[in-house]
Amino acid sequence: MTKKGRAIVDVSKLPEFAFGNRGLMWWGVIGFLAIEGTMLVICFVSYFYLRDRVTDWPPPPTPLPDLLVPTVGLALLLLSVVPMHLACRAAKKLDARKTILWLVVTDIVGLAFIGVRVLAFYALNVSWDTNAYGSVVWTIIVIHTFHLVSEVIETIVITVLLAVGHTEPKYLVDATDNALYWYFIVLIWVPCYAIIFVTPRLL
Amino acid sequence: MKTETETLAVVEEEEEEVAAEQEEGEEEEVREGDLPEEEERRLLEKTWGDDPGFWGWLTSTNHKSIGRRFIITAFVFFLLGGVLAVLMRVQLARPENTFLGPDIYNQIFTMHGTTMMFLFAIPVMGAFATYLVPLMIGTRNIAFPRLAAFSYWIYLFGGITLYAFFIMNIGPDQGWFSYVPLAGPEFSPGKRVDIWSQLINFTEISALATAVEVITTVFRLRAPGLSLHRIPIFVWAMLIMSFMVVFAMPAVMTSSLFLTLDRLVGTHFYNAAEGGDPLLWQHLFWFFGHPEVYIIFIPALGYVSSIVQTFSRRKVFGYTALVLSMIATGFIGFGLWVHHMFATGLPQLGSSFFTAASMMIAIPSGTQIFCWIATLWSGRPRFKTPLVFVIGFFFIFVAGGLTGVMQASVPVDLQLHDTFFVVAHFHYVLIGGAVFPLFGAFYYWFPKFTGRMLSEGLGKLNFWLLFVGFNLTFFPMHQLGLNGMPRRVYTYPPGTGWGNLNLVATIGGVVMTLGVLTFIANVLISRRRGRVAGDNPWGADTLEWSTSSPPPSYNFQRLPVVQGREPLWVRTEDAPVVEGLRVDCREVLVTRTLDAEPDNIMALPSPSIWPLMLALAVTPTFIGSIFTPWALPAGMLLAGGALIGWGWPKPRDERCERKRVEEMTDEERRKEAARAQ
Amino acid sequence: MKNEKCKIKNEKWKTSASSSGFHFSFFIFNFAFLQQSVLDPAGPQAARIGRLWWLMFYVEAGVFVLVGAAVLVAVFRKRKERKKSSDEPDTSPEPKRERRMTRVVTGGIIATVLILFVFLAGSFYTGRALYSTDDERALSIKVTGHQWWWDVEYDAVPASDTVRTANEIHVPVGRLVKLRLTSTDVIHSLWVPNLNGKKDLIPGHEIVLTFQADREGEFRGQCAEYCGYQHAHMGFKVVAEAPEKFYEWMNQQRAPAPEPANEAEARGREVFLKGPCVMCHSVRGTNAAGRVGPELTHLKSRTTIAAATLPNTRGHLAGWVTNSQEIKPGNNMPPVPLEPGELQALVAYLESLK
Ligand code: HEA
Ligand code: HEA
Ligand code: CUA
Ligand SMILES: [Cu+2]
């Protein structure tokens, strides 16, 4: 098969890990982001489709959702980007200690936000089985919460992994790819929030 | 060049060295070129091979093992779906036949459609991709091998679940597109529809996982030199298919989630009385459903291209046109879904848009057909079975595509919709457009899969039985549709005059069965007694033919360096190869997305039981959740556990990792970090 | 003759209805009306679609023949063998020929585009013609789909003049008919191939289908959208008749049910009104006003029962009432156990509902 004496492309000196889109995991994460993003976008489209079918939104006598708690939550969630970004930066410098530190901060903000999220359910002022409006807002918020909770758990697992001493560069790369997911969860919440809590006031 | 004896001597010497080295400490890295060839092959085999025994079977993360069992499983589902089809044909052979009652018939056509689409056609395409893409692009494994294993298990369990319920006579009976409100809580009490929508979840997870693997593999694991404008059409096809999966599947995921919620927790997405709308389901389903048919069809274009190129002995005519038209098909495919809903009374202007889009898609399809004809015209065709199947494909698919164009016209479709004419159309495109190429592909790659050739004689017989049987079965259905026969009827009155054509169709079904049996016989016989194939029996051009048949677990002893679009046809004597990957670790070479320049090295995980564990956790969750909501939290705990087990570092792989950053000096750390940005 | 045979068969399916025996009864049952065809239009809508169909058919047949011929010639044409045994692949095909082929392929693509434009224009104009038939004078009928029968109401002013019937739509020849389609359970689809394409009946939507019959006759239609268990037996028919005849029919339908003419019928009415029938069926002129099942006021003016499944004969009515589940398994009418005497009387009454 291989013939001695052939020209050779020597790859033995190439780096054995790489951040961002040079690594494989990044592509996997992007792939799943695309899938989940599409799913949420389809939920949004369904929301507007259902909205279009009736004259009043939310359909009476359903009251408008509250705004305060979700807005506080939104701020908190946006805030969590900062420690995550710092963790990411430390990871890229292969600074395990700082990475762990900032991840812990992020975990705490994430857990706090989950607490606020529970309150946000009450702020909807409608049940999923009241009408189609209730169904769609509940579904959007539950899907997002599901992703949020899994992401917080994953971040905690990575924090623990690094903390117990698995600081091979590979896991630092994983931490940065995981950050990508975190950003996604945060950013996609902005339209979710707008649709669930603001749109009924406008349309 | 060393003479043979010299080489042997060196081998012996080095063997001793290796033995000594291994005694000294496991830590030592062994790279390609460090060992003599024989020894290196042995070590590669040890590194990349599955673990021994049944355990090894369960834990395999090799794309070929997974691909092989994927293909076989999908084929078994094809047989099951086919048996159901024959039962339907028997029932419809005569008017007022009482062979099957409405209950069974409705379950059978639903199971037939669901099996063929979700358990056969989509998975089998992903399966071929899993097996062949890494070989074709010159790497040693697929990008996320454990995900690939998971993808198989979850698919298998989904299929088994569906059939388990079917055998207990509570199979779904609402049709493969489950229109609400018929499939809603009010008109389908019981668990039939829930089983169906969980099956959708199983297969879509499987397909999505495969899609992500294929995309990553194609973008990052190509052999040096295989820049994007050189990858085989087959690989393009799989890539486009994967993108379509990524953007189409979420629609059905969402719609079936809504359906499940409507049925289980009382939401009102599809309930017109509470502000929902049954048409929402149709929009969402077909937004997936139409791309889905191209998800099935585009990979088939890849097979056709490979086969046409190899057997006309020339490079394919119009590479760029072919690729662009596949991409165009992929894009336009997302803008056609409403052509399944013309009868729902949508505004005329809107419908016209979808008519135009649906007709537009004939342009790329036509372009492809014309390019292949041109290739054959100017080539020197070799009439081997794969090519014969492709010629069959031309006739059947074009006929089916042309009836598709008729249906794209709103007024004509109002007559044809939901009749046997549509049944004829989609079997022409599905069987002609996907199953014939698939059979061709099977004849073509069987030597690579097994090392032996399928019999040509039986192959030709197989073709003629299928071709004649197919046309006998489905051609009369056009006329039946025009004569007013709706689809999904378990029987019909004699006076309608549909009896004789249906009888012909049934006879055709029997002939097709003989064709399929011939195929099975051919495989079983040739598996043992077929002519030994050698590396490249067809004189083909793509990289999978440069390694042995069947390929070793590590695919290539040295990754090739590609010099042109038809790598093996244009390869020069002194073509370079890649060297320097570790032999004792599952290292693959990561190259840049566009130009495939070597970029970095990645160690892939070794065999793992966790994919199976995760599938075992997810399956009862899905099934349990249709009986009690508590299955969800319980299942999430299980699945979470399995995921942590999956992700946690394995001692076996640690050897292949870089040392921990804490053990590095600051200097080292800075250097490594800089190289990794 | 007809009725006799049916009766004989009827005896049989009292014992085993689903045996193949009774199916033969269909052979003598209005053979012509069962024959349907998209290509045998009986009105302008179907005719227009038919013309578009034939345009597409002939053009596409031409395309198919051309493409097929090209494939065959491409693979079988004689070629100058270069080196006889050489399997050497051709990786740098002769540029001149490649250019020639590029031109041919481009020509093919252009031809495809042109043909598609013709089709597009054709279907756009045909579609517009089908839609724009909004005519003030159109006969407006509301059709509601049920599992597995059709509820037909002729709109009228005042609303009390509304005529309600089932599974049979009478229309006057030469007048545009506007069907307002909806459903209260699942999605159905109304289709009479000889008159026009189909439109769905969807809960929460009202969809309009127009057609016009230009010749007298009976045209079979059926439900085209799968709607569950008995989707196969959800037929109906359109009876197109001369306007005078149609109005005659209309007046007759508008009248309440005829009074019983003899004792048996009177007794039958009693059975009917006392039994469970009234929960689901209505007979105007009595207090039976159920709307779950088909209107029975003028049952006997229709030629079929159970959504064009059976001829409307005495035997079949009896069989249907005693056990409709064996004739049309899963349908929404429960078996009604009756003593033979009661049954005879009930059937006599039903037979009197002309
Ligand atoms: C492999 C799968 C596959 C493929 C490739 C296609 C291809 C096409 N399909 Fe089909 N289709 C299905 C699978 C597929 N379909 C299925 C499964 C259903 C039914 C689902 C269900 O209801 O259960 C369906 C139903 C379906 C409908 C809905 C019918 C109805 O229910 O009323 C329509 C309507 O527009 C349609 C149109 C088309 C068109 C325009 C194409 C085009 O892509 C075809 C293009 C190809 C050609 C035209 C031939 C080659 C071209 C030339 C040789 C050039 C010259 C051509 C011309 C000048 C016209 N399809
Ligand atoms: C890729 C997809 C695919 C394939 C390959 C087929 C293959 C076949 N299909 Fe199907 N079909 C669909 C997809 C497919 N179908 C879909 C999506 C529907 C719509 C469903 C719905 O309405 O919901 C449908 C609907 C459908 C109907 C309409 C039902 C109805 O509306 O009432 C009919 C009727 O004739 C039919 C027939 C057939 C036949 C005869 C074959 C034959 O080609 C089958 C050939 C295969 C065999 C004959 C197998 C041979 C088996 C053996 C040799 C046994 C050996 C066994 C062992 C060794 C264990 N199909
Ligand atoms: Cu009603 Cu089918
Ligand atoms: Cu389609």
# chains A, B, ... in the order shown; residues from 1 in each chain; ligands from 1
$ residues_near_ligand --ligand "ligand 1" --cutoff "6 Å" --atoms "only C-alpha atoms and all ligand atoms" --output "PyMOL selection string"
(chain B and resi 293-294+296-297+339-340+358-359+361-362+365-366+398+401-402+404-405+407-408+413+416-418+422+426+429-430+433) or (chain C and resi 112+115-116)
$ residues_around --residues "range 208-212 of chain B" --least-positions-apart "4" --cutoff "7 Å" --atoms "only C-alpha atoms" --output "number ranges by chain"
A: 28, 31; B: 126, 147-148, 151, 204, 216, 242-243, 245-246
$ closest_atom_pairs --of "chain B" --to "chain C" --cutoff "7 Å" --atoms "only C-alpha atoms" --output "JSON lines"
{"residue": "B:Glu96", "atom": "CA", "partner": "C:His23", "partner_atom": "CA", "distance": 6.2}
{"residue": "B:Thr98", "atom": "CA", "partner": "C:Ser20", "partner_atom": "CA", "distance": 7.0}
{"residue": "B:Pro102", "atom": "CA", "partner": "C:Tyr229", "partner_atom": "CA", "distance": 6.0}
{"residue": "B:Asp103", "atom": "CA", "partner": "C:Tyr229", "partner_atom": "CA", "distance": 6.6}
{"residue": "B:Gln174", "atom": "CA", "partner": "C:Gly228", "partner_atom": "CA", "distance": 6.8}
{"residue": "B:Pro181", "atom": "CA", "partner": "C:Val186", "partner_atom": "CA", "distance": 5.2}
{"residue": "B:Leu182", "atom": "CA", "partner": "C:Val186", "partner_atom": "CA", "distance": 5.2}
{"residue": "B:Ala272", "atom": "CA", "partner": "C:Gly204", "partner_atom": "CA", "distance": 5.3}
{"residue": "B:Arg313", "atom": "CA", "partner": "C:Pro89", "partner_atom": "CA", "distance": 4.6}
{"residue": "B:Arg314", "atom": "CA", "partner": "C:Asp90", "partner_atom": "CA", "distance": 4.3}
{"residue": "B:Lys315", "atom": "CA", "partner": "C:Thr91", "partner_atom": "CA", "distance": 5.4}
{"residue": "B:Ala343", "atom": "CA", "partner": "C:Lys199", "partner_atom": "CA", "distance": 4.7}
{"residue": "B:Thr344", "atom": "CA", "partner": "C:Asp200", "partner_atom": "CA", "distance": 5.3}
{"residue": "B:Gly345", "atom": "CA", "partner": "C:Ile207", "partner_atom": "CA", "distance": 5.8}
{"residue": "B:Ser352", "atom": "CA", "partner": "C:Phe124", "partner_atom": "CA", "distance": 6.7}
{"residue": "B:Ala356", "atom": "CA", "partner": "C:Leu120", "partner_atom": "CA", "distance": 6.5}
{"residue": "B:Met359", "atom": "CA", "partner": "C:Leu116", "partner_atom": "CA", "distance": 6.5}
{"residue": "B:Ile363", "atom": "CA", "partner": "C:Thr112", "partner_atom": "CA", "distance": 6.6}
{"residue": "B:Gly366", "atom": "CA", "partner": "C:Ile109", "partner_atom": "CA", "distance": 6.8}
{"residue": "B:Thr367", "atom": "CA", "partner": "C:Ile109", "partner_atom": "CA", "distance": 6.3}
{"residue": "B:Phe370", "atom": "CA", "partner": "C:Val105", "partner_atom": "CA", "distance": 5.9}
{"residue": "B:Cys371", "atom": "CA", "partner": "C:Val105", "partner_atom": "CA", "distance": 6.8}
{"residue": "B:Ile373", "atom": "CA", "partner": "C:Val71", "partner_atom": "CA", "distance": 5.9}
{"residue": "B:Ala374", "atom": "CA", "partner": "C:Met101", "partner_atom": "CA", "distance": 6.6}
{"residue": "B:Leu376", "atom": "CA", "partner": "C:Ala74", "partner_atom": "CA", "distance": 5.6}
{"residue": "B:Trp377", "atom": "CA", "partner": "C:Ala74", "partner_atom": "CA", "distance": 4.1}
{"residue": "B:Pro381", "atom": "CA", "partner": "C:Val75", "partner_atom": "CA", "distance": 6.1}
{"residue": "B:Phe395", "atom": "CA", "partner": "C:Gly68", "partner_atom": "CA", "distance": 6.3}
{"residue": "B:Val398", "atom": "CA", "partner": "C:Phe64", "partner_atom": "CA", "distance": 7.0}
{"residue": "B:Ala399", "atom": "CA", "partner": "C:Phe64", "partner_atom": "CA", "distance": 6.7}
{"residue": "B:Leu402", "atom": "CA", "partner": "C:Glu60", "partner_atom": "CA", "distance": 6.5}
{"residue": "B:Met406", "atom": "CA", "partner": "C:Met56", "partner_atom": "CA", "distance": 6.7}
{"residue": "B:Ser409", "atom": "CA", "partner": "C:Ser123", "partner_atom": "CA", "distance": 5.6}
{"residue": "B:Val410", "atom": "CA", "partner": "C:Ser123", "partner_atom": "CA", "distance": 6.6}
{"residue": "B:Pro411", "atom": "CA", "partner": "C:Gly127", "partner_atom": "CA", "distance": 5.6}
{"residue": "B:Val412", "atom": "CA", "partner": "C:Ile49", "partner_atom": "CA", "distance": 5.9}
{"residue": "B:Leu414", "atom": "CA", "partner": "C:Gly197", "partner_atom": "CA", "distance": 4.4}
{"residue": "B:Gln415", "atom": "CA", "partner": "C:Gly197", "partner_atom": "CA", "distance": 4.2}
{"residue": "B:Asp418", "atom": "CA", "partner": "C:Ala224", "partner_atom": "CA", "distance": 5.9}
{"residue": "B:Leu482", "atom": "CA", "partner": "C:Val38", "partner_atom": "CA", "distance": 5.3}
{"residue": "B:Asn483", "atom": "CA", "partner": "C:Ser37", "partner_atom": "CA", "distance": 4.3}
{"residue": "B:Gly484", "atom": "CA", "partner": "C:Gln36", "partner_atom": "CA", "distance": 5.7}
{"residue": "B:Pro486", "atom": "CA", "partner": "C:Ala224", "partner_atom": "CA", "distance": 5.4}
{"residue": "B:Arg488", "atom": "CA", "partner": "C:Tyr226", "partner_atom": "CA", "distance": 6.3}
{"residue": "B:Val489", "atom": "CA", "partner": "C:Ala232", "partner_atom": "CA", "distance": 4.4}
{"residue": "B:Tyr490", "atom": "CA", "partner": "C:Ala232", "partner_atom": "CA", "distance": 6.0}
{"residue": "B:Thr491", "atom": "CA", "partner": "C:Ala232", "partner_atom": "CA", "distance": 6.3}
{"residue": "B:Tyr492", "atom": "CA", "partner": "C:Ala232", "partner_atom": "CA", "distance": 6.8}
{"residue": "B:Pro493", "atom": "CA", "partner": "C:Phe26", "partner_atom": "CA", "distance": 6.9}
{"residue": "B:Pro494", "atom": "CA", "partner": "C:Phe26", "partner_atom": "CA", "distance": 6.6}
{"residue": "B:Gly495", "atom": "CA", "partner": "C:Phe31", "partner_atom": "CA", "distance": 5.2}
{"residue": "B:Thr496", "atom": "CA", "partner": "C:Gln35", "partner_atom": "CA", "distance": 4.8}
{"residue": "B:Gly497", "atom": "CA", "partner": "C:Gln35", "partner_atom": "CA", "distance": 6.6}
{"residue": "B:Trp569", "atom": "CA", "partner": "C:Pro89", "partner_atom": "CA", "distance": 6.9}
$ select_by_dssp --residues "chain A" --states "alpha helix (DSSP H)" --output "VMD selection string"
chain A and resid 24 to 52 68 to 79 81 to 92 96 to 123 132 to 163 169 to 193 199 to 202
$ residues_near_ligand --ligand "ligand 2" --cutoff "8 Å" --atoms "only C-alpha atoms and all ligand atoms" --output "JSON, numbers by chain"
{"B": [76, 78, 79, 80, 81, 82, 83, 85, 86, 88, 89, 92, 105, 106, 109, 110, 111, 112, 113, 114, 116, 117, 120, 121, 174, 175, 176, 177, 419, 420, 423, 426, 427, 430, 431, 434, 435, 470, 473, 474, 486, 487, 488, 489, 490, 505, 506, 508, 509, 510, 511, 512, 513, 514, 515, 516, 517, 520]}
$ atom_distance --atom1 "CA of Ile295 in chain B" --atom2 "CA of Ile327 in chain B"
11.9 Å
$ interface_residues --of "chain B" --to "chain A" --cutoff "7 Å" --atoms "only C-alpha atoms" --output "MDAnalysis selection string"
chainID B and resid 1 212 216 246:247 250:251 254 266:269 274:276 558 574:581 599:602 657:662 669 673 675:677
$ residues_around --residues "Pro294 in chain C" --least-positions-apart "6" --cutoff "12 Å" --atoms "only C-alpha atoms" --output "list in words"
Thr144, Gly145, His146, Gln147, Trp148, Trp149, Trp150, Asp151, Val152, Glu153, Arg164, Thr165, Ala166, Asn167, Glu168, Cys277, Val278, Met279, Cys280, His281, Ser282, Val283, Ala288, Arg302, Ile305, Ala306, Ala307, Asn332 and Met333 of chain C
$ atom_distance --atom1 "CA of Tyr163 in chain B" --atom2 "CA of Trp337 in chain B"
29.3 Å
$ select_by_dssp --residues "range 70-317 of chain C" --states "strand (DSSP E)" --output "VMD selection string"
chain C and resid 139 to 146 149 to 154 163 to 166 168 to 172 177 to 183 188 to 192 196 to 201 207 to 211 217 to 223 235 to 241 282 to 284 287 to 289 304 to 305 310 to 311
$ residues_around --residues "Arg215 in chain C" --least-positions-apart "6" --cutoff "8 Å" --atoms "only C-alpha atoms" --output "list in words"
Ala42, Gly43, Val173, Gly174, Ala240 and Glu241 of chain C
$ residues_around --residues "range 242-245 of chain C" --least-positions-apart "5" --cutoff "12 Å" --atoms "only C-alpha atoms" --output "VMD selection string"
chain C and resid 139 170 to 176 213 to 217 250 to 252
